[in-house]
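Next up, protein19.txt (compact mmCIF, N, CA and C atoms and all ligand atoms):
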```txt
# COMPACT_ATOMS: atom_id res chain seq x y z
N MET U 1 28.24 50.15 69.05
CA MET U 1 28.05 50.46 67.63
C MET U 1 28.90 51.65 67.21
N ILE U 2 28.90 52.70 68.04
CA ILE U 2 29.70 53.89 67.73
C ILE U 2 31.18 53.55 67.76
N LYS U 3 31.55 52.69 68.67
CA LYS U 3 32.94 52.26 68.76
C LYS U 3 33.38 51.59 67.48
N LEU U 4 32.50 50.78 66.92
CA LEU U 4 32.80 50.08 65.69
C LEU U 4 33.00 51.06 64.54
N LEU U 5 32.12 52.06 64.49
CA LEU U 5 32.21 53.08 63.44
C LEU U 5 33.53 53.85 63.55
N LEU U 6 33.88 54.18 64.77
CA LEU U 6 35.14 54.89 65.00
C LEU U 6 36.33 54.06 64.56
N LEU U 7 36.23 52.76 64.82
CA LEU U 7 37.30 51.84 64.45
C LEU U 7 37.46 51.79 62.93
N ILE U 8 36.29 51.76 62.24
CA ILE U 8 36.32 51.72 60.77
C ILE U 8 36.90 53.03 60.23
N LEU U 9 36.49 54.13 60.81
CA LEU U 9 36.98 55.45 60.40
C LEU U 9 38.49 55.53 60.58
N LEU U 10 38.92 55.08 61.72
CA LEU U 10 40.35 55.08 62.05
C LEU U 10 41.12 54.23 61.05
N PHE U 11 40.52 53.12 60.69
CA PHE U 11 41.15 52.22 59.73
C PHE U 11 41.32 52.90 58.38
N PHE U 12 40.28 53.61 57.94
CA PHE U 12 40.34 54.29 56.65
C PHE U 12 41.35 55.43 56.65
N VAL U 13 41.38 56.17 57.75
CA VAL U 13 42.34 57.27 57.87
C VAL U 13 43.76 56.72 57.84
N GLY U 14 43.97 55.67 58.58
CA GLY U 14 45.29 55.03 58.62
C GLY U 14 45.68 54.47 57.26
N TYR U 15 44.72 53.89 56.58
CA TYR U 15 44.97 53.29 55.28
C TYR U 15 45.34 54.34 54.24
N SER U 16 44.59 55.45 54.22
CA SER U 16 44.89 56.51 53.25
C SER U 16 46.21 57.19 53.56
N PHE U 17 46.52 57.26 54.86
CA PHE U 17 47.78 57.83 55.27
C PHE U 17 48.93 56.95 54.79
N PHE U 18 48.75 55.66 54.93
CA PHE U 18 49.74 54.69 54.50
C PHE U 18 49.94 54.78 52.99
N GLN U 19 48.84 54.93 52.26
CA GLN U 19 48.91 55.03 50.80
C GLN U 19 49.63 56.30 50.37
N ALA U 20 49.43 57.37 51.13
CA ALA U 20 50.08 58.64 50.80
C ALA U 20 51.58 58.54 51.01
N LEU U 21 51.98 57.78 52.03
CA LEU U 21 53.40 57.61 52.32
C LEU U 21 54.07 56.68 51.33
N PHE U 22 53.37 55.62 50.96
CA PHE U 22 53.94 54.65 50.03
C PHE U 22 53.07 54.51 48.79
N PRO U 23 53.23 55.42 47.84
CA PRO U 23 52.41 55.32 46.63
C PRO U 23 52.72 54.06 45.84
N THR U 24 51.69 53.47 45.31
CA THR U 24 51.88 52.23 44.56
C THR U 24 52.61 52.51 43.24
N ARG U 25 53.37 51.52 42.83
CA ARG U 25 54.23 51.71 41.68
C ARG U 25 53.46 51.82 40.37
N ASN U 26 52.33 51.14 40.29
CA ASN U 26 51.61 51.14 39.01
C ASN U 26 50.77 52.41 38.79
N LYS U 27 50.97 53.36 39.65
CA LYS U 27 50.27 54.64 39.50
C LYS U 27 50.70 55.31 38.19
N ARG U 28 49.77 55.95 37.54
CA ARG U 28 50.10 56.62 36.29
C ARG U 28 50.99 57.83 36.53
N ASN U 29 51.93 57.99 35.66
CA ASN U 29 52.81 59.14 35.76
C ASN U 29 52.09 60.39 35.24
N ARG U 30 51.80 61.29 36.15
CA ARG U 30 51.02 62.46 35.78
C ARG U 30 51.85 63.48 35.00
N HIS U 31 53.15 63.35 35.13
CA HIS U 31 53.99 64.38 34.50
C HIS U 31 54.17 64.17 33.01
N SER U 32 53.97 62.93 32.56
CA SER U 32 54.19 62.67 31.14
C SER U 32 52.97 63.09 30.35
N ARG U 33 53.19 63.99 29.42
CA ARG U 33 52.09 64.44 28.57
C ARG U 33 52.16 63.65 27.28
N LYS U 34 51.54 62.50 27.28
CA LYS U 34 51.61 61.65 26.11
C LYS U 34 50.64 62.10 25.03
N GLN U 35 51.10 61.96 23.82
CA GLN U 35 50.24 62.23 22.68
C GLN U 35 49.28 61.06 22.54
N PRO U 36 48.10 61.30 22.02
CA PRO U 36 47.18 60.19 21.79
C PRO U 36 47.75 59.20 20.78
N PRO U 37 47.29 57.94 20.80
CA PRO U 37 47.85 56.89 19.93
C PRO U 37 47.87 57.27 18.46
N SER U 38 46.89 58.05 18.03
CA SER U 38 46.81 58.41 16.63
C SER U 38 47.89 59.42 16.24
N GLY U 39 48.56 59.98 17.24
CA GLY U 39 49.58 60.98 16.97
C GLY U 39 48.97 62.29 16.52
N GLU U 40 47.77 62.52 16.98
CA GLU U 40 47.07 63.73 16.58
C GLU U 40 47.68 64.96 17.22
N GLN U 41 47.55 66.06 16.51
CA GLN U 41 48.10 67.32 17.01
C GLN U 41 47.31 67.80 18.22
N MET U 42 48.03 68.25 19.23
CA MET U 42 47.39 68.78 20.42
C MET U 42 47.37 70.30 20.35
N VAL U 43 46.25 70.86 20.76
CA VAL U 43 46.14 72.32 20.75
C VAL U 43 45.86 72.82 22.15
N LEU U 44 46.25 74.05 22.40
CA LEU U 44 46.09 74.63 23.74
C LEU U 44 44.87 75.53 23.81
N ASP U 45 44.09 75.30 24.83
CA ASP U 45 42.96 76.18 25.13
C ASP U 45 43.51 77.36 25.93
N PRO U 46 43.52 78.57 25.35
CA PRO U 46 44.13 79.71 26.06
C PRO U 46 43.33 80.18 27.27
N GLN U 47 42.09 79.75 27.35
CA GLN U 47 41.24 80.17 28.46
C GLN U 47 41.54 79.40 29.74
N CYS U 48 41.55 78.08 29.64
CA CYS U 48 41.76 77.27 30.84
C CYS U 48 43.10 76.55 30.85
N GLY U 49 43.86 76.66 29.75
CA GLY U 49 45.20 76.08 29.72
C GLY U 49 45.23 74.59 29.51
N THR U 50 44.18 74.03 28.95
CA THR U 50 44.11 72.59 28.72
C THR U 50 44.56 72.24 27.31
N TYR U 51 45.33 71.15 27.22
CA TYR U 51 45.69 70.64 25.91
C TYR U 51 44.64 69.61 25.49
N LEU U 52 44.21 69.69 24.23
CA LEU U 52 43.24 68.73 23.76
C LEU U 52 43.48 68.42 22.29
N PRO U 53 43.05 67.24 21.82
CA PRO U 53 43.24 66.88 20.42
C PRO U 53 42.53 67.86 19.49
N LEU U 54 43.17 68.13 18.38
CA LEU U 54 42.64 69.10 17.42
C LEU U 54 41.21 68.78 16.98
N SER U 55 40.91 67.50 16.81
CA SER U 55 39.59 67.12 16.33
C SER U 55 38.49 67.39 17.35
N GLU U 56 38.86 67.45 18.64
CA GLU U 56 37.87 67.69 19.69
C GLU U 56 37.75 69.16 20.04
N ALA U 57 38.64 69.97 19.49
CA ALA U 57 38.67 71.38 19.87
C ALA U 57 37.62 72.19 19.11
N LEU U 58 37.14 73.21 19.80
CA LEU U 58 36.24 74.17 19.17
C LEU U 58 37.11 75.27 18.57
N LYS U 59 36.89 75.53 17.32
CA LYS U 59 37.72 76.54 16.66
C LYS U 59 37.01 77.89 16.65
N ALA U 60 37.81 78.92 16.84
CA ALA U 60 37.25 80.27 16.81
C ALA U 60 38.29 81.23 16.26
N ASN U 61 37.84 82.09 15.40
CA ASN U 61 38.72 83.11 14.84
C ASN U 61 38.48 84.42 15.56
N ILE U 62 39.44 84.79 16.38
CA ILE U 62 39.31 86.02 17.15
C ILE U 62 40.39 87.00 16.71
N ARG U 63 39.94 88.13 16.20
CA ARG U 63 40.83 89.18 15.70
C ARG U 63 41.87 88.63 14.72
N GLY U 64 41.37 87.81 13.81
CA GLY U 64 42.24 87.26 12.76
C GLY U 64 43.16 86.15 13.20
N GLU U 65 43.04 85.73 14.47
CA GLU U 65 43.89 84.64 14.96
C GLU U 65 43.04 83.42 15.26
N GLN U 66 43.57 82.27 14.87
CA GLN U 66 42.85 81.03 15.11
C GLN U 66 43.12 80.54 16.53
N HIS U 67 42.04 80.31 17.27
CA HIS U 67 42.17 79.80 18.63
C HIS U 67 41.36 78.53 18.79
N TYR U 68 41.77 77.69 19.76
CA TYR U 68 41.08 76.43 19.99
C TYR U 68 40.64 76.37 21.44
N PHE U 69 39.43 75.85 21.64
CA PHE U 69 38.87 75.78 22.99
C PHE U 69 38.29 74.41 23.28
N CYS U 70 38.26 74.07 24.58
CA CYS U 70 37.74 72.76 24.98
C CYS U 70 36.22 72.78 25.06
N SER U 71 35.66 73.96 25.27
CA SER U 71 34.20 74.05 25.41
C SER U 71 33.70 75.41 24.96
N ARG U 72 32.41 75.48 24.75
CA ARG U 72 31.82 76.75 24.35
C ARG U 72 31.95 77.78 25.46
N LYS U 73 31.92 77.29 26.68
CA LYS U 73 32.04 78.17 27.84
C LYS U 73 33.39 78.90 27.81
N CYS U 74 34.45 78.15 27.53
CA CYS U 74 35.78 78.74 27.46
C CYS U 74 35.86 79.74 26.31
N ARG U 75 35.24 79.37 25.19
CA ARG U 75 35.29 80.25 24.04
C ARG U 75 34.60 81.59 24.33
N THR U 76 33.43 81.48 24.97
CA THR U 76 32.68 82.69 25.32
C THR U 76 33.46 83.56 26.30
N LEU U 77 34.03 82.91 27.30
CA LEU U 77 34.79 83.65 28.31
C LEU U 77 35.99 84.35 27.69
N TYR U 78 36.65 83.63 26.77
CA TYR U 78 37.83 84.20 26.15
C TYR U 78 37.46 85.38 25.25
N LYS U 79 36.36 85.25 24.56
CA LYS U 79 35.91 86.33 23.68
C LYS U 79 35.55 87.56 24.50
N LYS U 80 34.96 87.34 25.65
CA LYS U 80 34.60 88.45 26.52
C LYS U 80 35.84 89.16 27.04
N LYS U 81 36.85 88.35 27.34
CA LYS U 81 38.08 88.87 27.94
C LYS U 81 38.85 89.71 26.94
N SER U 82 38.89 89.24 25.68
CA SER U 82 39.70 89.94 24.70
C SER U 82 38.94 91.04 23.96
ZN ZN M 101 38.86 75.26 28.32
```
Written as structure tokens, how would this file's structure read?
Amino acid sequence: MIKLLLLILLFFVGYSFFQALFPTRNKRNRHSRKQPPSGEQMVLDPQCGTYLPLSEALKANIRGEQHYFCSRKCRTLYKKKS
């Protein structure tokens, strides 16, 4: 039974190793930062560095400057920092 488990484990390790060496072609290109289909404006969250659509962003006016955040947590952290 243990031998069988080891064989399965070995198979998975070998399989993931093979996948790492030969990535499949239909993999999504992570480098392309595509705009959403609506062509909505993307804004940068200065706290975590994430780009997100303007409609999903949390807006905050800090020291007279408009900032956008992905979450309340980021907004709070950024306010504390500045
Ligand atoms: Zn964030």
Q | 6.5 Å shell around ligand ZN 101 (chain M) using all atoms listed in the file, listed as a ChimeraX atom specification | A | /U:45-50,69-71,74-75
Q: Could you please write out, as number ranges by chain, every residue of chain U that DSSP assigns to strand (DSSP E or B)?
A: U: 42-44, 51-53, 58-62, 65-69
(Q) Which residues are near Ile62 in chain U? Cut-off 8 Å, all atoms listed in the file, ignore same chain within fewer than 4 positions. Put them as a PyMOL selection string. (A) chain U and resi 66-67+79
Using only C-alpha atoms, which residues sit within 12 Å of Gln41 in chain U once same-chain residues fewer than 6 positions away are excluded, as a compact mmCIF listing (two decimals) with N, CA and C atoms, keeping the file's coordinate frame?
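Heads up, here's the output in part_6.txt:
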```
# COMPACT_ATOMS: atom_id res chain seq x y z
N LYS U 34 51.54 62.50 27.28
CA LYS U 34 51.61 61.65 26.11
C LYS U 34 50.64 62.10 25.03
N GLN U 35 51.10 61.96 23.82
CA GLN U 35 50.24 62.23 22.68
C GLN U 35 49.28 61.06 22.54
N TYR U 51 45.33 71.15 27.22
CA TYR U 51 45.69 70.64 25.91
C TYR U 51 44.64 69.61 25.49
N LEU U 52 44.21 69.69 24.23
CA LEU U 52 43.24 68.73 23.76
C LEU U 52 43.48 68.42 22.29
N PRO U 53 43.05 67.24 21.82
CA PRO U 53 43.24 66.88 20.42
C PRO U 53 42.53 67.86 19.49
N LEU U 54 43.17 68.13 18.38
CA LEU U 54 42.64 69.10 17.42
C LEU U 54 41.21 68.78 16.98
N SER U 55 40.91 67.50 16.81
CA SER U 55 39.59 67.12 16.33
C SER U 55 38.49 67.39 17.35
N GLU U 56 38.86 67.45 18.64
CA GLU U 56 37.87 67.69 19.69
C GLU U 56 37.75 69.16 20.04
N ALA U 57 38.64 69.97 19.49
CA ALA U 57 38.67 71.38 19.87
C ALA U 57 37.62 72.19 19.11
N TYR U 68 41.77 77.69 19.76
CA TYR U 68 41.08 76.43 19.99
C TYR U 68 40.64 76.37 21.44
```
Q: Kindly give the distance, in Å, that separates atom N of Gly64 in chain U and atom C of Ser82 in chain U, rounded to a single decimal.
A: 10.9 Å
